[in-house]
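Before any comments, here is the structure.
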Amino acid sequence: MSVIKVMSENLANKIAAGEVVEKCASVVKELVENSIDAKAQSIKINLLKGGLEEITVIDDGTGMDESDAILAFQRHATSKIYKDDDLFFIDTLGFRGEALPSIASVSEVVLETCQKDVGTLIHIKGGMLIEKSNSSARIGTRITITNLFFNTPARLKYLKSEQTELANTVSFIEKLSLAKPDISFTLTNNGSVIVKTSGSGNLIKTIHEIYGLQVSSKMLEIKALNDDFEIKGFICKPEILKASRNHLITFINGRVVKNNDINRAINDAYYTYKPDGKYPIVVINIETDPTLVDVNIHPTKQDVKLSKIDSLYNLIYETMKRRLYDSLLIPDAISKKDIDKIKDSFAPVENYKEVEIKQTTFDFGENNSSEVVKNEEFKSLVLYPIGLAHGTYIICENDEGLYLLDQHAAQERVNYEKYLENLKNEAVNITSMLVPINIEFSQSEYITFVKNSNIFENMGFEWVEFGINTVSVKAHPTWLKTGYEEESIRKIIDLIITMNNDFDVIKFRENVAITLACKMAIKANEHISMMEIEGLLKNLVKCDNPYNCPHGRPTIIKFSIYDLEKMFKRAMN
């Protein structure tokens, strides 16, 4: 007797549902994407208890006739593709023909749809047709899902709380609203509106509707293209950051996607503009030939594979890096956070005099081309240093207001750019050490160091073996800070030992510069003299980016005259 049998259609649909329908947000995703493919201009999603009790999606799309409404619940029935070659030119969000039959197999579905004069009602429970009849003639589709996973209790128990399921759905609808700013989306839960967009077609307006004014006013527009890709959208200024990657929102040809290489390009572009563990808000759409994108690698169709990914990486990285650099400004302290009070903790200063900050030409970058750098706002300032608060914050003033500078962050930026420039310089000046520095390693560390010792040597260091798993450093580049030679050398060697196999010389130089800059900078609670303050300000203005340290923290914050008067009730509006 044969033990291999063809499973029933309903059982196959239940198995497929395990991949397509993971949670309430998965159901919403599939239904809403069908509405978009039906050319809907207005889509309403109504949830009860976060979707655990009921999910209803209403659209004004093209709708279906009776025969299509019935056929839509058959597995692999689709209007999107018909032949093998269509897989290489997918321009719709859905195409597999699995979503509706999978959902219907594990829930109760009521579908009302209409194309012309007479509508169709389909009622299915657990994959079985309960009712087929005529319905109202409202053009479009209304579909209601209840009793999700009622016949698959193993899946039902893995649904989360109402708030968790709702949060997942809200996150997806927000992303989809940004991907389709020309479509009006409304999401409600238990009758309360959670998300509502106008469908204006204006992306920055949609960003405002999703995130609010504080974010939308801090977004920067980007547009760029190369032979393979076109990107356009908005990225946030470094002062607006989030604690998760969930706001790295990317689309390819209008489809919400996940791709680690794209996220890496975005994160790398913000390198030195943000602290570790913080992420920007980014909304960008990537247009490309559909043949360069494979969306058929997972039933959810969100994970994609891209051809020519290096070309896309470079386009995103270079465009965002340049846009961030061109837009750097001194952040306004009041717009970021309400200040309740300013403590009178200024250290006394004997000499009160002007430090004039002038426009400076600074040669910086891989191409070594001289150009007048941006940041005119900072470079045209005339600041009067008047004190030091808590041994950490330099206090300056001018006719426009009050400025606070973080002495550690400012010194760190100065050091970083100095070290980075020296690391890029092929001509290295070397000085021999009167007393060599001996460094002992574990066996594995020693093997790794020797393997990558050419990197150490190219930086200008000379070394010899000195006993078991020990090296003796005899000379070093002259740009190491006097008195900190051994600490600097050990830090550099640690970076060489811990670097991964995918060596990137540019990132390695940046890591070295960041590490040394931080260790050699003035610390917080370290009181410095007025002469040292003046020197720090004059060095900071020569920087390519004087606005933040290489970890992304601001170096300077401004309190305008109006802000100060408003805090002290001198200005009442």
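Just so we're on the same page: first chain in the structure tokens is A, next is B, and so on; residues restart at 1 for each chain, and ligands are numbered from 1 in the order they show up.
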Might you pull out every residue within 9 Å of region 226-232 of chain A, with only C-alpha atoms counted and same-chain residues fewer than 6 positions away left off, and present them as a ChimeraX atom specification? /A:283-289,292,308,311-312,315-316
Based on the selection just made, write all heavy atoms of those residues as an mmCIF file, in the first residue's frame.
```
data_model
loop_
_atom_site.group_PDB
_atom_site.id
_atom_site.type_symbol
_atom_site.label_atom_id
_atom_site.label_comp_id
_atom_site.auth_asym_id
_atom_site.auth_seq_id
_atom_site.Cartn_x
_atom_site.Cartn_y
_atom_site.Cartn_z
ATOM 1 N N VAL A 283 13.660 57.699 4.687
ATOM 2 C CA VAL A 283 12.569 57.258 3.819
ATOM 3 C C VAL A 283 13.041 57.449 2.381
ATOM 4 O O VAL A 283 13.078 58.572 1.872
ATOM 5 C CB VAL A 283 11.279 58.064 4.057
ATOM 6 C CG1 VAL A 283 10.165 57.553 3.154
ATOM 7 C CG2 VAL A 283 10.856 58.001 5.517
ATOM 8 N N ILE A 284 13.439 56.371 1.721
ATOM 9 C CA ILE A 284 13.929 56.492 0.349
ATOM 10 C C ILE A 284 13.325 55.409 -0.529
ATOM 11 O O ILE A 284 13.141 54.268 -0.101
ATOM 12 C CB ILE A 284 15.472 56.437 0.266
ATOM 13 C CG1 ILE A 284 16.026 55.166 0.903
ATOM 14 C CG2 ILE A 284 16.106 57.663 0.872
ATOM 15 C CD1 ILE A 284 17.528 54.999 0.712
ATOM 16 N N ASN A 285 13.009 55.802 -1.744
ATOM 17 C CA ASN A 285 12.528 54.856 -2.753
ATOM 18 C C ASN A 285 13.613 54.662 -3.798
ATOM 19 O O ASN A 285 14.248 55.621 -4.248
ATOM 20 C CB ASN A 285 11.246 55.358 -3.413
ATOM 21 C CG ASN A 285 10.654 54.316 -4.348
ATOM 22 O OD1 ASN A 285 10.581 53.143 -4.014
ATOM 23 N ND2 ASN A 285 10.240 54.742 -5.528
ATOM 24 N N ILE A 286 13.825 53.421 -4.170
ATOM 25 C CA ILE A 286 14.842 53.058 -5.152
ATOM 26 C C ILE A 286 14.132 52.558 -6.395
ATOM 27 O O ILE A 286 13.382 51.582 -6.340
ATOM 28 C CB ILE A 286 15.771 51.963 -4.591
ATOM 29 C CG1 ILE A 286 16.432 52.445 -3.291
ATOM 30 C CG2 ILE A 286 16.815 51.554 -5.622
ATOM 31 C CD1 ILE A 286 16.971 51.325 -2.424
ATOM 32 N N GLU A 287 14.347 53.246 -7.504
ATOM 33 C CA GLU A 287 13.763 52.817 -8.773
ATOM 34 C C GLU A 287 14.840 52.120 -9.596
ATOM 35 O O GLU A 287 15.961 52.619 -9.722
ATOM 36 C CB GLU A 287 13.212 54.018 -9.551
ATOM 37 C CG GLU A 287 12.057 54.733 -8.873
ATOM 38 C CD GLU A 287 10.768 53.929 -8.914
ATOM 39 O OE1 GLU A 287 10.671 53.000 -9.761
ATOM 40 O OE2 GLU A 287 9.863 54.213 -8.102
ATOM 41 N N THR A 288 14.492 50.968 -10.136
ATOM 42 C CA THR A 288 15.457 50.220 -10.935
ATOM 43 C C THR A 288 14.730 49.285 -11.879
ATOM 44 O O THR A 288 13.513 49.073 -11.760
ATOM 45 C CB THR A 288 16.419 49.420 -10.026
ATOM 46 O OG1 THR A 288 17.460 48.843 -10.827
ATOM 47 C CG2 THR A 288 15.680 48.314 -9.285
ATOM 48 N N ASP A 289 15.461 48.729 -12.802
ATOM 49 C CA ASP A 289 14.905 47.735 -13.715
ATOM 50 C C ASP A 289 14.461 46.523 -12.906
ATOM 51 O O ASP A 289 15.242 45.998 -12.112
ATOM 52 C CB ASP A 289 15.988 47.333 -14.726
ATOM 53 C CG ASP A 289 15.441 46.470 -15.855
ATOM 54 O OD1 ASP A 289 14.558 45.628 -15.588
ATOM 55 O OD2 ASP A 289 15.900 46.635 -16.998
ATOM 56 N N LEU A 292 16.676 43.496 -12.132
ATOM 57 C CA LEU A 292 17.778 43.539 -11.159
ATOM 58 C C LEU A 292 17.322 43.167 -9.752
ATOM 59 O O LEU A 292 18.135 43.115 -8.835
ATOM 60 C CB LEU A 292 18.401 44.938 -11.133
ATOM 61 C CG LEU A 292 19.060 45.434 -12.417
ATOM 62 C CD1 LEU A 292 19.647 46.823 -12.212
ATOM 63 C CD2 LEU A 292 20.145 44.471 -12.894
ATOM 64 N N LYS A 308 23.949 43.991 -8.839
ATOM 65 C CA LYS A 308 24.698 45.257 -8.847
ATOM 66 C C LYS A 308 24.555 46.002 -7.527
ATOM 67 O O LYS A 308 24.391 47.228 -7.494
ATOM 68 C CB LYS A 308 24.263 46.136 -10.020
ATOM 69 C CG LYS A 308 24.454 45.466 -11.380
ATOM 70 C CD LYS A 308 24.161 46.419 -12.517
ATOM 71 C CE LYS A 308 24.418 45.751 -13.866
ATOM 72 N NZ LYS A 308 24.176 46.653 -14.992
ATOM 73 N N SER A 311 26.945 48.944 -6.823
ATOM 74 C CA SER A 311 26.568 50.204 -7.466
ATOM 75 C C SER A 311 25.535 50.950 -6.635
ATOM 76 O O SER A 311 25.614 52.171 -6.458
ATOM 77 C CB SER A 311 26.019 49.920 -8.867
ATOM 78 O OG SER A 311 25.479 51.089 -9.448
ATOM 79 N N LEU A 312 24.558 50.211 -6.083
ATOM 80 C CA LEU A 312 23.529 50.840 -5.247
ATOM 81 C C LEU A 312 24.115 51.328 -3.928
ATOM 82 O O LEU A 312 23.789 52.426 -3.457
ATOM 83 C CB LEU A 312 22.396 49.854 -4.986
ATOM 84 C CG LEU A 312 21.256 50.353 -4.088
ATOM 85 C CD1 LEU A 312 20.614 51.607 -4.667
ATOM 86 C CD2 LEU A 312 20.212 49.267 -3.883
ATOM 87 N N LEU A 315 25.940 54.584 -4.479
ATOM 88 C CA LEU A 315 25.029 55.685 -4.770
ATOM 89 C C LEU A 315 24.372 56.197 -3.485
ATOM 90 O O LEU A 315 24.315 57.408 -3.240
ATOM 91 C CB LEU A 315 23.963 55.230 -5.767
ATOM 92 C CG LEU A 315 22.932 56.288 -6.174
ATOM 93 C CD1 LEU A 315 23.603 57.446 -6.913
ATOM 94 C CD2 LEU A 315 21.833 55.667 -7.034
ATOM 95 N N ILE A 316 23.874 55.275 -2.656
ATOM 96 C CA ILE A 316 23.233 55.673 -1.398
ATOM 97 C C ILE A 316 24.237 56.329 -0.463
ATOM 98 O O ILE A 316 23.996 57.407 0.101
ATOM 99 C CB ILE A 316 22.578 54.455 -0.717
ATOM 100 C CG1 ILE A 316 21.400 53.941 -1.548
ATOM 101 C CG2 ILE A 316 22.104 54.808 0.696
ATOM 102 C CD1 ILE A 316 20.814 52.647 -1.037
#
```
Contacts of region 199-213 of chain A at 10 Å (only C-alpha atoms; same-chain gap of 2+ positions) as a PDB file with C-alpha atoms, in the first residue's frame:
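In the end it all went to part.pdb:
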```pdb
ATOM      1  CA  GLN A  41      -6.902  55.552  -3.942  1.00  0.00           C
ATOM      2  CA  SER A  42      -8.423  55.239  -0.456  1.00  0.00           C
ATOM      3  CA  ILE A  43      -7.854  52.286   1.886  1.00  0.00           C
ATOM      4  CA  ILE A 173       0.849  50.765   7.595  1.00  0.00           C
ATOM      5  CA  GLU A 174       3.119  53.724   8.395  1.00  0.00           C
ATOM      6  CA  LYS A 175       5.780  52.328   6.074  1.00  0.00           C
ATOM      7  CA  SER A 177       1.808  55.072   3.644  1.00  0.00           C
ATOM      8  CA  LEU A 178       5.284  56.470   3.019  1.00  0.00           C
ATOM      9  CA  ALA A 179       5.819  54.109   0.087  1.00  0.00           C
ATOM     10  CA  LYS A 180       2.485  55.176  -1.432  1.00  0.00           C
ATOM     11  CA  PRO A 181       1.990  58.865  -0.535  1.00  0.00           C
ATOM     12  CA  ASP A 182      -0.583  59.189  -3.329  1.00  0.00           C
ATOM     13  CA  ILE A 183      -2.951  56.768  -1.521  1.00  0.00           C
ATOM     14  CA  SER A 184      -5.038  57.797   1.497  1.00  0.00           C
ATOM     15  CA  PHE A 185      -4.696  55.332   4.387  1.00  0.00           C
ATOM     16  CA  ILE A 194      -4.400  55.525  14.813  1.00  0.00           C
ATOM     17  CA  VAL A 195      -2.970  56.438  11.400  1.00  0.00           C
ATOM     18  CA  LYS A 196      -4.468  58.783   8.817  1.00  0.00           C
ATOM     19  CA  THR A 197      -2.789  60.114   5.678  1.00  0.00           C
ATOM     20  CA  VAL A 215      10.690  65.210  12.578  1.00  0.00           C
ATOM     21  CA  SER A 216       9.361  66.508   9.253  1.00  0.00           C
ATOM     22  CA  SER A 217      11.021  69.896   9.818  1.00  0.00           C
ATOM     23  CA  LYS A 218      14.377  68.147  10.273  1.00  0.00           C
ATOM     24  CA  MET A 219      14.273  66.055   7.090  1.00  0.00           C
ATOM     25  CA  LEU A 220      16.631  66.591   4.145  1.00  0.00           C
ATOM     26  CA  GLU A 221      15.632  65.748   0.588  1.00  0.00           C
ATOM     27  CA  GLY A 233      13.400  60.555  -0.592  1.00  0.00           C
ATOM     28  CA  PHE A 234      14.273  62.163   2.721  1.00  0.00           C
ATOM     29  CA  ILE A 281      14.899  58.177  10.173  1.00  0.00           C
ATOM     30  CA  VAL A 283      12.569  57.258   3.819  1.00  0.00           C
ATOM     31  CA  ILE A 284      13.929  56.492   0.349  1.00  0.00           C
TER      32      ILE A 284
END
```
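Of the residues under consideration (A:Asp294, A:Arg264, A:Lys538, A:Tyr279), A:Arg264 shows the shortest atom-to-atom contact distance to Asn314 (chain A) when counting only C-alpha atoms.
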